[in-house]
Amino acid sequence: MQFHGTAKVNQKGHLEIGSVDTIKLAEEFGTPLYVYDVALIRERARSFKETFETLGVNAQVAYASKAFSTVAMVQLAAEEGLSLDVVSGGELYTALAAGFPAGKIHFHGNNKSLQELDMAIEAGIGCVVVDNFDELEMLVELCSSTGKSVNVLLRVTPGIEAHTHDYILTGQEDSKFGFGLENGQADKALLEAMNSGSVRLLGLHCHIGSQIFETTGFLLAARKIYAKLNEWKKLYGFEPKVLNLGGGFGIRYTEEDNPIPASRYVVAIIEEVREQADQYGMAVPEIWIEPGRSLVGDAGTTLYRTGSRKEVPDIRQYLAVDGGMSDNIRPALYQAKYEAVLAGRVLAKPEETVAIAGKCCESGDMLIWDIPLPKAEKADILAVFCTGAYGYSMANNYNRIPRPAVVFVENGEAKLVVKRETFEDMVRLDLPLKERVKSK
């Protein structure tokens with residue numbers, strides 16, 4: 001078992017994160033419970049930023065908040081001097097409610113509404129990453145009608161297929177995202193943006209996928225983009241002030257994963273961009289990246305309480321917990337894998353192999369298949385590691401299960417940053433078909 005960040009075993013044999021005993025966290029805040037190691041998030045953010053600073057490159061490191069967006073997390077990103085990537089009106093609203101500097105917000109998404117774009121322009125955000133012609137047309141109309149302008153990047157698909165799951169591939173030519181670099185769409189979008197008179201075109205954006213363990217895809221994307229930029233320089237005199245190569249840097253979920261340090265991605269990207277810019281006689285642009293999972297993924301641990309068992313003779317032993325696909329849909333969605341321990345007996349020897357089942361009414365609600373554990377008693381605390389990205393973000397109320405609370409831990413202190421939902425919360429927006437008749 002590999003621990004992450006400040007996680008360790010304390011003198012009681014309990015799992016401890018941020019110098020806080022996870023058994024005490026479960027007792028105080030209940031389960032399921034998302035626990036975030038703040039020190040690890042800070043360490044990752046600084047690693048990305050310091051690499052750019054050491055190599056003397058103008059850059060923005062934008063936290064991809066779709067990985068985990070709450071007011072507290074956005075404020076933590078601001079504390080670390082990060083920019084912010086949002087992909088919806090809700091994420092933008094969260095950022096503004098958290099007091100995040102609007103000028104450092106970048107707005108993504110393949111189907112932004114007119115209302116969302118208007119909200120972004122009114123807030124004075126730093127950049128809109130334009131994904132399609134409809135959006136570009138709406139932006140031009142909004143800017144013309146309001147007399148305002150907005151910075152934009154054009155998102156392009158460079159035709160790169162990163163080595164990852166099909167559902168989290170985004171840079172290949174057949175993608176719902178961006179303007180095709182090879183089919184003429186990017187050329188047309190460039191001319192429309194340059195001639196609009198309403199938007200300020202800063203440069204280009206691309207994102208090739210997620211959970212990527214090598215630098216090759218990023219380098220190939222940069223080369224293909226610069227080949228096109230060379231054409232545009234000759235034809236239109238265009239050079240980018242900004243080149244955003246996205247995120248997707250992988251983390252370790254299980255022993256099958258072999259990620260590289262964050263700094264290696266950054267160094268490789270910088271070296272390639274410098275080489276390409278020099279080759280074509282262009283100035284090195286400001287480089288933007290968008291880490292999300294690699295900032296918060298392995299900083300998150302979910303605590304569950306064990307419940308019922310079911311033995312299928314000669315096949316499998318099921319151990320159920322009090323959460324499941326309502327708080328972590330990734331295993332059901334794209335077969336994500338995790339490691340876990342019994343938080344109260346971390347060093348105890350495994351005595352059985354069990355399958356961790358969620359409590360939702362779906363056969364596919366399985367968190368982990370066939371994991372060796374000490375013999376679990378009822379109401380033991382199971383800690384599932386590396387759930388910090390896309391756990392809370394994708395949490396849902398399937399089966400009318402309330403979403404868990406979220407706790408930040410750092411330097412021996414635990415802070416509740418998201419309250420646990422209640423049954424009352426779930427019916428608050430419901431309207432009755434007819435009023436209930438009160439009994440006398």
# chains A, B, ... in the order shown; residues from 1 in each chain; ligands from 1

call {"tool": "residues_around", "arguments": {"residues": "Lys378 of chain A", "least_positions_apart": "6", "cutoff": "10 Å", "atoms": "only C-alpha atoms", "output": "ChimeraX atom specification"}}
result
/A:305-309,319-321

call {"tool": "write_last_selection", "arguments": {"atoms": "all heavy atoms", "output": "PDB file, in the first residue's frame"}}
result
ATOM      1  N   ARG A 305     -18.410   3.500   6.179  1.00  0.00           N
ATOM      2  CA  ARG A 305     -18.656   2.558   7.275  1.00  0.00           C
ATOM      3  C   ARG A 305     -19.160   1.254   6.663  1.00  0.00           C
ATOM      4  O   ARG A 305     -20.061   1.257   5.826  1.00  0.00           O
ATOM      5  CB  ARG A 305     -19.679   3.131   8.266  1.00  0.00           C
ATOM      6  CG  ARG A 305     -19.671   2.455   9.624  1.00  0.00           C
ATOM      7  CD  ARG A 305     -20.556   3.209  10.609  1.00  0.00           C
ATOM      8  NE  ARG A 305     -20.067   4.546  10.882  1.00  0.00           N
ATOM      9  CZ  ARG A 305     -19.131   4.840  11.771  1.00  0.00           C
ATOM     10  NH1 ARG A 305     -18.561   3.873  12.482  1.00  0.00           N
ATOM     11  NH2 ARG A 305     -18.751   6.085  11.974  1.00  0.00           N
ATOM     12  N   THR A 306     -18.560   0.141   7.072  1.00  0.00           N
ATOM     13  CA  THR A 306     -18.948  -1.144   6.505  1.00  0.00           C
ATOM     14  C   THR A 306     -20.287  -1.600   7.072  1.00  0.00           C
ATOM     15  O   THR A 306     -20.667  -1.253   8.197  1.00  0.00           O
ATOM     16  CB  THR A 306     -17.887  -2.218   6.785  1.00  0.00           C
ATOM     17  OG1 THR A 306     -17.735  -2.374   8.205  1.00  0.00           O
ATOM     18  CG2 THR A 306     -16.550  -1.832   6.176  1.00  0.00           C
ATOM     19  N   GLY A 307     -21.001  -2.397   6.273  1.00  0.00           N
ATOM     20  CA  GLY A 307     -22.320  -2.868   6.689  1.00  0.00           C
ATOM     21  C   GLY A 307     -22.503  -4.340   6.416  1.00  0.00           C
ATOM     22  O   GLY A 307     -21.752  -5.181   6.912  1.00  0.00           O
ATOM     23  N   SER A 308     -23.474  -4.670   5.591  1.00  0.00           N
ATOM     24  CA  SER A 308     -23.862  -6.062   5.388  1.00  0.00           C
ATOM     25  C   SER A 308     -22.838  -6.835   4.553  1.00  0.00           C
ATOM     26  O   SER A 308     -22.008  -6.265   3.850  1.00  0.00           O
ATOM     27  CB  SER A 308     -25.228  -6.121   4.697  1.00  0.00           C
ATOM     28  OG  SER A 308     -25.138  -5.551   3.405  1.00  0.00           O
ATOM     29  N   ARG A 309     -22.921  -8.164   4.680  1.00  0.00           N
ATOM     30  CA  ARG A 309     -22.072  -9.071   3.910  1.00  0.00           C
ATOM     31  C   ARG A 309     -22.953 -10.029   3.115  1.00  0.00           C
ATOM     32  O   ARG A 309     -24.084 -10.329   3.495  1.00  0.00           O
ATOM     33  CB  ARG A 309     -21.206  -9.928   4.839  1.00  0.00           C
ATOM     34  CG  ARG A 309     -20.020  -9.220   5.440  1.00  0.00           C
ATOM     35  CD  ARG A 309     -19.296 -10.164   6.395  1.00  0.00           C
ATOM     36  NE  ARG A 309     -18.016  -9.625   6.808  1.00  0.00           N
ATOM     37  CZ  ARG A 309     -16.868  -9.833   6.166  1.00  0.00           C
ATOM     38  NH1 ARG A 309     -16.845 -10.598   5.096  1.00  0.00           N
ATOM     39  NH2 ARG A 309     -15.747  -9.302   6.612  1.00  0.00           N
ATOM     40  N   LEU A 319     -18.758  -7.189   0.560  1.00  0.00           N
ATOM     41  CA  LEU A 319     -18.819  -6.367   1.762  1.00  0.00           C
ATOM     42  C   LEU A 319     -19.381  -5.015   1.352  1.00  0.00           C
ATOM     43  O   LEU A 319     -18.786  -4.310   0.527  1.00  0.00           O
ATOM     44  CB  LEU A 319     -17.425  -6.197   2.377  1.00  0.00           C
ATOM     45  CG  LEU A 319     -17.321  -5.267   3.592  1.00  0.00           C
ATOM     46  CD1 LEU A 319     -18.129  -5.814   4.776  1.00  0.00           C
ATOM     47  CD2 LEU A 319     -15.862  -5.065   3.993  1.00  0.00           C
ATOM     48  N   ALA A 320     -20.528  -4.659   1.914  1.00  0.00           N
ATOM     49  CA  ALA A 320     -21.200  -3.417   1.531  1.00  0.00           C
ATOM     50  C   ALA A 320     -20.759  -2.259   2.426  1.00  0.00           C
ATOM     51  O   ALA A 320     -20.426  -2.445   3.602  1.00  0.00           O
ATOM     52  CB  ALA A 320     -22.707  -3.589   1.602  1.00  0.00           C
ATOM     53  N   VAL A 321     -20.775  -1.070   1.849  1.00  0.00           N
ATOM     54  CA  VAL A 321     -20.475   0.149   2.607  1.00  0.00           C
ATOM     55  C   VAL A 321     -21.644   1.111   2.458  1.00  0.00           C
ATOM     56  O   VAL A 321     -22.551   0.905   1.644  1.00  0.00           O
ATOM     57  CB  VAL A 321     -19.164   0.809   2.124  1.00  0.00           C
ATOM     58  CG1 VAL A 321     -17.974  -0.085   2.417  1.00  0.00           C
ATOM     59  CG2 VAL A 321     -19.228   1.148   0.632  1.00  0.00           C
TER      60      VAL A 321
END

call {"tool": "select_by_dssp", "arguments": {"residues": "segment 59-117 of chain A", "states": "strand (DSSP E or B)", "output": "PyMOL selection string"}}
result
chain A and resi 59-64+83-86+105-107

call {"tool": "write_last_selection", "arguments": {"atoms": "N, CA, C and O atoms", "output": "PDB file, in the first residue's frame"}}
result
ATOM      1  N   ALA A  59       3.761  32.324 -17.390  1.00  0.00           N
ATOM      2  CA  ALA A  59       2.819  31.208 -17.393  1.00  0.00           C
ATOM      3  C   ALA A  59       1.634  31.490 -16.493  1.00  0.00           C
ATOM      4  O   ALA A  59       1.676  32.375 -15.626  1.00  0.00           O
ATOM      5  N   GLN A  60       0.575  30.727 -16.721  1.00  0.00           N
ATOM      6  CA  GLN A  60      -0.532  30.638 -15.776  1.00  0.00           C
ATOM      7  C   GLN A  60      -0.817  29.162 -15.532  1.00  0.00           C
ATOM      8  O   GLN A  60      -0.952  28.386 -16.485  1.00  0.00           O
ATOM      9  N   VAL A  61      -0.881  28.797 -14.264  1.00  0.00           N
ATOM     10  CA  VAL A  61      -1.297  27.455 -13.870  1.00  0.00           C
ATOM     11  C   VAL A  61      -2.738  27.588 -13.390  1.00  0.00           C
ATOM     12  O   VAL A  61      -3.000  28.160 -12.334  1.00  0.00           O
ATOM     13  N   ALA A  62      -3.669  27.084 -14.182  1.00  0.00           N
ATOM     14  CA  ALA A  62      -5.092  27.231 -13.875  1.00  0.00           C
ATOM     15  C   ALA A  62      -5.634  25.922 -13.314  1.00  0.00           C
ATOM     16  O   ALA A  62      -5.552  24.881 -13.980  1.00  0.00           O
ATOM     17  N   TYR A  63      -6.174  25.983 -12.105  1.00  0.00           N
ATOM     18  CA  TYR A  63      -6.788  24.790 -11.529  1.00  0.00           C
ATOM     19  C   TYR A  63      -8.062  24.458 -12.289  1.00  0.00           C
ATOM     20  O   TYR A  63      -8.976  25.283 -12.411  1.00  0.00           O
ATOM     21  N   ALA A  64      -8.138  23.249 -12.846  1.00  0.00           N
ATOM     22  CA  ALA A  64      -9.323  22.789 -13.570  1.00  0.00           C
ATOM     23  C   ALA A  64     -10.383  22.383 -12.552  1.00  0.00           C
ATOM     24  O   ALA A  64     -10.434  21.245 -12.094  1.00  0.00           O
ATOM     25  N   SER A  83      -4.593  30.357 -11.328  1.00  0.00           N
ATOM     26  CA  SER A  83      -5.745  30.811 -12.086  1.00  0.00           C
ATOM     27  C   SER A  83      -6.810  29.721 -11.968  1.00  0.00           C
ATOM     28  O   SER A  83      -6.595  28.713 -11.293  1.00  0.00           O
ATOM     29  N   LEU A  84      -7.961  29.919 -12.617  1.00  0.00           N
ATOM     30  CA  LEU A  84      -9.069  28.978 -12.438  1.00  0.00           C
ATOM     31  C   LEU A  84      -9.750  28.698 -13.760  1.00  0.00           C
ATOM     32  O   LEU A  84     -10.083  29.616 -14.505  1.00  0.00           O
ATOM     33  N   ASP A  85      -9.942  27.415 -14.026  1.00  0.00           N
ATOM     34  CA  ASP A  85     -10.654  26.954 -15.211  1.00  0.00           C
ATOM     35  C   ASP A  85     -12.057  26.532 -14.769  1.00  0.00           C
ATOM     36  O   ASP A  85     -12.207  25.681 -13.891  1.00  0.00           O
ATOM     37  N   VAL A  86     -13.093  27.158 -15.361  1.00  0.00           N
ATOM     38  CA  VAL A  86     -14.479  26.775 -15.068  1.00  0.00           C
ATOM     39  C   VAL A  86     -15.138  26.316 -16.363  1.00  0.00           C
ATOM     40  O   VAL A  86     -14.742  26.729 -17.450  1.00  0.00           O
ATOM     41  N   ILE A 105      -9.905  33.978 -14.265  1.00  0.00           N
ATOM     42  CA  ILE A 105     -10.830  32.879 -14.563  1.00  0.00           C
ATOM     43  C   ILE A 105     -10.874  32.641 -16.069  1.00  0.00           C
ATOM     44  O   ILE A 105     -11.016  33.581 -16.856  1.00  0.00           O
ATOM     45  N   HIS A 106     -10.757  31.369 -16.471  1.00  0.00           N
ATOM     46  CA  HIS A 106     -10.878  30.966 -17.873  1.00  0.00           C
ATOM     47  C   HIS A 106     -12.133  30.110 -17.998  1.00  0.00           C
ATOM     48  O   HIS A 106     -12.311  29.157 -17.236  1.00  0.00           O
ATOM     49  N   PHE A 107     -12.980  30.424 -18.977  1.00  0.00           N
ATOM     50  CA  PHE A 107     -14.276  29.754 -19.109  1.00  0.00           C
ATOM     51  C   PHE A 107     -14.245  28.784 -20.293  1.00  0.00           C
ATOM     52  O   PHE A 107     -14.089  29.176 -21.436  1.00  0.00           O
TER      53      PHE A 107
END

call {"tool": "closest_residue", "arguments": {"among": "A:Asn132, A:Asn195, A:Gln11, A:Ser69", "to": "Val418 of chain A", "atoms": "only C-alpha atoms"}}
result
A:Ser69

call {"tool": "atom_distance", "arguments": {"atom1": "atom CA of Gly323 of chain A", "atom2": "atom CA of Gly364 of chain A"}}
result
13.3 Å

call {"tool": "atom_distance", "arguments": {"atom1": "atom CA of Lys233 of chain A", "atom2": "atom CA of Gly197 of chain A"}}
result
19.4 Å

call {"tool": "select_by_dssp", "arguments": {"residues": "segment 89-118 of chain A", "states": "alpha helix (DSSP H)", "output": "MDAnalysis selection string"}}
result
chainID A and resid 89:97 114:118

call {"tool": "write_last_selection", "arguments": {"atoms": "all heavy atoms", "output": "CSV table (one decimal), in the first residue's frame"}}
result
chain,number,residue,atom,x,y,z
A,89,GLY,N,-21.9,27.8,-15.9
A,89,GLY,CA,-22.3,28.9,-15.1
A,89,GLY,C,-22.2,28.6,-13.6
A,89,GLY,O,-21.9,29.5,-12.8
A,90,GLY,N,-22.5,27.4,-13.2
A,90,GLY,CA,-22.4,27.0,-11.8
A,90,GLY,C,-21.0,27.1,-11.2
A,90,GLY,O,-20.8,27.6,-10.1
A,91,GLU,N,-20.0,26.6,-12.0
A,91,GLU,CA,-18.6,26.7,-11.5
A,91,GLU,C,-18.2,28.2,-11.5
A,91,GLU,O,-17.4,28.6,-10.6
A,91,GLU,CB,-17.7,25.9,-12.4
A,91,GLU,CG,-17.9,24.4,-12.2
A,91,GLU,CD,-16.9,23.5,-13.0
A,91,GLU,OE1,-16.1,24.1,-13.7
A,91,GLU,OE2,-17.0,22.3,-12.8
A,92,LEU,N,-18.6,29.0,-12.5
A,92,LEU,CA,-18.3,30.4,-12.5
A,92,LEU,C,-18.9,31.1,-11.3
A,92,LEU,O,-18.3,31.9,-10.6
A,92,LEU,CB,-18.8,31.0,-13.8
A,92,LEU,CG,-18.6,32.6,-13.9
A,92,LEU,CD1,-17.2,33.0,-13.8
A,92,LEU,CD2,-19.2,33.1,-15.3
A,93,TYR,N,-20.2,30.8,-11.0
A,93,TYR,CA,-20.8,31.4,-9.9
A,93,TYR,C,-20.1,31.0,-8.6
A,93,TYR,O,-19.9,31.9,-7.7
A,93,TYR,CB,-22.3,30.9,-9.8
A,93,TYR,CG,-23.1,31.6,-8.7
A,93,TYR,CD1,-23.8,32.8,-8.9
A,93,TYR,CD2,-23.2,31.0,-7.4
A,93,TYR,CE1,-24.5,33.4,-7.9
A,93,TYR,CE2,-23.9,31.6,-6.4
A,93,TYR,CZ,-24.6,32.8,-6.7
A,93,TYR,OH,-25.3,33.4,-5.7
A,94,THR,N,-19.7,29.8,-8.5
A,94,THR,CA,-19.0,29.3,-7.3
A,94,THR,C,-17.7,30.1,-7.1
A,94,THR,O,-17.3,30.6,-6.0
A,94,THR,CB,-18.6,27.8,-7.4
A,94,THR,OG1,-19.8,27.1,-7.5
A,94,THR,CG2,-17.8,27.3,-6.2
A,95,ALA,N,-17.0,30.3,-8.2
A,95,ALA,CA,-15.7,31.1,-8.2
A,95,ALA,C,-15.9,32.5,-7.7
A,95,ALA,O,-15.2,33.0,-6.9
A,95,ALA,CB,-15.0,31.1,-9.6
A,96,LEU,N,-17.0,33.1,-8.3
A,96,LEU,CA,-17.3,34.5,-7.9
A,96,LEU,C,-17.7,34.6,-6.5
A,96,LEU,O,-17.4,35.6,-5.7
A,96,LEU,CB,-18.3,35.1,-8.9
A,96,LEU,CG,-17.9,35.2,-10.4
A,96,LEU,CD1,-19.0,35.6,-11.2
A,96,LEU,CD2,-16.7,36.1,-10.5
A,97,ALA,N,-18.5,33.6,-6.0
A,97,ALA,CA,-19.0,33.6,-4.6
A,97,ALA,C,-17.8,33.4,-3.7
A,97,ALA,O,-17.9,33.9,-2.5
A,97,ALA,CB,-20.0,32.5,-4.4
A,114,LEU,N,-26.1,31.5,-23.9
A,114,LEU,CA,-26.0,33.0,-24.0
A,114,LEU,C,-25.9,33.6,-22.6
A,114,LEU,O,-25.2,34.5,-22.4
A,114,LEU,CB,-27.2,33.5,-24.8
A,114,LEU,CG,-27.2,35.0,-25.1
A,114,LEU,CD1,-26.1,35.4,-26.0
A,114,LEU,CD2,-28.6,35.4,-25.7
A,115,GLN,N,-26.7,33.0,-21.7
A,115,GLN,CA,-26.8,33.6,-20.3
A,115,GLN,C,-25.4,33.4,-19.6
A,115,GLN,O,-24.9,34.3,-18.9
A,115,GLN,CB,-27.9,32.9,-19.5
A,115,GLN,CG,-29.3,33.3,-20.0
A,115,GLN,CD,-29.7,32.5,-21.3
A,115,GLN,OE1,-29.1,31.5,-21.6
A,115,GLN,NE2,-30.7,33.1,-21.9
A,116,GLU,N,-24.8,32.2,-19.8
A,116,GLU,CA,-23.5,32.0,-19.2
A,116,GLU,C,-22.4,32.9,-19.8
A,116,GLU,O,-21.6,33.5,-19.1
A,116,GLU,CB,-23.1,30.5,-19.5
A,116,GLU,CG,-23.9,29.5,-18.6
A,116,GLU,CD,-23.5,28.1,-19.0
A,116,GLU,OE1,-23.3,27.8,-20.2
A,116,GLU,OE2,-23.5,27.2,-18.0
A,117,LEU,N,-22.4,33.1,-21.1
A,117,LEU,CA,-21.5,34.0,-21.7
A,117,LEU,C,-21.7,35.5,-21.3
A,117,LEU,O,-20.7,36.2,-21.0
A,117,LEU,CB,-21.5,33.9,-23.2
A,117,LEU,CG,-21.1,32.6,-23.9
A,117,LEU,CD1,-21.4,32.6,-25.4
A,117,LEU,CD2,-19.6,32.4,-23.6
A,118,ASP,N,-22.9,35.9,-21.1
A,118,ASP,CA,-23.2,37.2,-20.7
A,118,ASP,C,-22.8,37.4,-19.2
A,118,ASP,O,-22.2,38.4,-18.8
A,118,ASP,CB,-24.7,37.4,-20.7
A,118,ASP,CG,-25.1,38.9,-20.4
A,118,ASP,OD1,-24.5,39.8,-20.9
A,118,ASP,OD2,-26.1,39.1,-19.6

call {"tool": "residues_around", "arguments": {"residues": "Gly109 of chain A", "least_positions_apart": "4", "cutoff": "9 Å", "atoms": "only C-alpha atoms", "output": "list in words"}}
result
Val86, Val87, Ser88, Val129, Val130, Asp131 and Phe177 of chain A

call {"tool": "atom_distance", "arguments": {"atom1": "atom CA of Gly30 of chain A", "atom2": "atom CA of Asp322 of chain A"}}
result
10.5 Å

call {"tool": "decode", "arguments": {"residues": "segment 136-157 of chain A", "atoms": "N, CA and C atoms", "output": "PDB file, in the first residue's frame"}}
result
ATOM      1  N   LEU A 136     -18.724  31.493 -30.867  1.00  0.00           N
ATOM      2  CA  LEU A 136     -18.003  32.664 -31.356  1.00  0.00           C
ATOM      3  C   LEU A 136     -18.985  33.730 -31.844  1.00  0.00           C
ATOM      4  N   GLU A 137     -20.022  33.288 -32.538  1.00  0.00           N
ATOM      5  CA  GLU A 137     -21.042  34.228 -33.011  1.00  0.00           C
ATOM      6  C   GLU A 137     -21.761  34.898 -31.847  1.00  0.00           C
ATOM      7  N   MET A 138     -22.114  34.120 -30.819  1.00  0.00           N
ATOM      8  CA  MET A 138     -22.796  34.699 -29.652  1.00  0.00           C
ATOM      9  C   MET A 138     -21.902  35.704 -28.941  1.00  0.00           C
ATOM     10  N   LEU A 139     -20.632  35.371 -28.809  1.00  0.00           N
ATOM     11  CA  LEU A 139     -19.702  36.285 -28.138  1.00  0.00           C
ATOM     12  C   LEU A 139     -19.592  37.606 -28.888  1.00  0.00           C
ATOM     13  N   VAL A 140     -19.465  37.526 -30.198  1.00  0.00           N
ATOM     14  CA  VAL A 140     -19.346  38.743 -31.008  1.00  0.00           C
ATOM     15  C   VAL A 140     -20.604  39.596 -30.858  1.00  0.00           C
ATOM     16  N   GLU A 141     -21.774  38.961 -30.888  1.00  0.00           N
ATOM     17  CA  GLU A 141     -23.031  39.702 -30.742  1.00  0.00           C
ATOM     18  C   GLU A 141     -23.146  40.337 -29.362  1.00  0.00           C
ATOM     19  N   LEU A 142     -22.772  39.600 -28.328  1.00  0.00           N
ATOM     20  CA  LEU A 142     -22.838  40.143 -26.968  1.00  0.00           C
ATOM     21  C   LEU A 142     -21.905  41.339 -26.812  1.00  0.00           C
ATOM     22  N   CYS A 143     -20.694  41.191 -27.298  1.00  0.00           N
ATOM     23  CA  CYS A 143     -19.731  42.287 -27.174  1.00  0.00           C
ATOM     24  C   CYS A 143     -20.184  43.512 -27.961  1.00  0.00           C
ATOM     25  N   SER A 144     -20.757  43.280 -29.132  1.00  0.00           N
ATOM     26  CA  SER A 144     -21.236  44.395 -29.956  1.00  0.00           C
ATOM     27  C   SER A 144     -22.397  45.118 -29.288  1.00  0.00           C
ATOM     28  N   SER A 145     -23.306  44.343 -28.683  1.00  0.00           N
ATOM     29  CA  SER A 145     -24.499  44.954 -28.076  1.00  0.00           C
ATOM     30  C   SER A 145     -24.198  45.651 -26.759  1.00  0.00           C
ATOM     31  N   THR A 146     -23.170  45.183 -26.058  1.00  0.00           N
ATOM     32  CA  THR A 146     -22.845  45.777 -24.751  1.00  0.00           C
ATOM     33  C   THR A 146     -21.698  46.775 -24.825  1.00  0.00           C
ATOM     34  N   GLY A 147     -21.008  46.814 -25.960  1.00  0.00           N
ATOM     35  CA  GLY A 147     -19.856  47.707 -26.071  1.00  0.00           C
ATOM     36  C   GLY A 147     -18.653  47.223 -25.309  1.00  0.00           C
ATOM     37  N   LYS A 148     -18.676  45.962 -24.891  1.00  0.00           N
ATOM     38  CA  LYS A 148     -17.565  45.396 -24.148  1.00  0.00           C
ATOM     39  C   LYS A 148     -16.765  44.454 -25.035  1.00  0.00           C
ATOM     40  N   SER A 149     -15.585  44.074 -24.554  1.00  0.00           N
ATOM     41  CA  SER A 149     -14.767  43.126 -25.288  1.00  0.00           C
ATOM     42  C   SER A 149     -14.318  42.035 -24.334  1.00  0.00           C
ATOM     43  N   VAL A 150     -13.818  40.939 -24.903  1.00  0.00           N
ATOM     44  CA  VAL A 150     -13.395  39.821 -24.062  1.00  0.00           C
ATOM     45  C   VAL A 150     -12.208  39.126 -24.713  1.00  0.00           C
ATOM     46  N   ASN A 151     -11.287  38.653 -23.887  1.00  0.00           N
ATOM     47  CA  ASN A 151     -10.162  37.860 -24.382  1.00  0.00           C
ATOM     48  C   ASN A 151     -10.639  36.456 -24.714  1.00  0.00           C
ATOM     49  N   VAL A 152     -10.131  35.887 -25.814  1.00  0.00           N
ATOM     50  CA  VAL A 152     -10.511  34.521 -26.170  1.00  0.00           C
ATOM     51  C   VAL A 152      -9.284  33.721 -26.593  1.00  0.00           C
ATOM     52  N   LEU A 153      -9.379  32.418 -26.352  1.00  0.00           N
ATOM     53  CA  LEU A 153      -8.515  31.432 -26.967  1.00  0.00           C
ATOM     54  C   LEU A 153      -9.405  30.562 -27.838  1.00  0.00           C
ATOM     55  N   LEU A 154      -8.884  30.097 -28.955  1.00  0.00           N
ATOM     56  CA  LEU A 154      -9.612  29.139 -29.773  1.00  0.00           C
ATOM     57  C   LEU A 154      -9.173  27.734 -29.386  1.00  0.00           C
ATOM     58  N   ARG A 155     -10.134  26.886 -29.019  1.00  0.00           N
ATOM     59  CA  ARG A 155      -9.780  25.507 -28.701  1.00  0.00           C
ATOM     60  C   ARG A 155      -9.690  24.705 -30.000  1.00  0.00           C
ATOM     61  N   VAL A 156      -8.547  24.070 -30.206  1.00  0.00           N
ATOM     62  CA  VAL A 156      -8.343  23.270 -31.409  1.00  0.00           C
ATOM     63  C   VAL A 156      -8.139  21.811 -31.029  1.00  0.00           C
ATOM     64  N   THR A 157      -8.549  20.922 -31.930  1.00  0.00           N
ATOM     65  CA  THR A 157      -8.296  19.490 -31.740  1.00  0.00           C
ATOM     66  C   THR A 157      -7.174  19.104 -32.699  1.00  0.00           C
TER      67      THR A 157
END
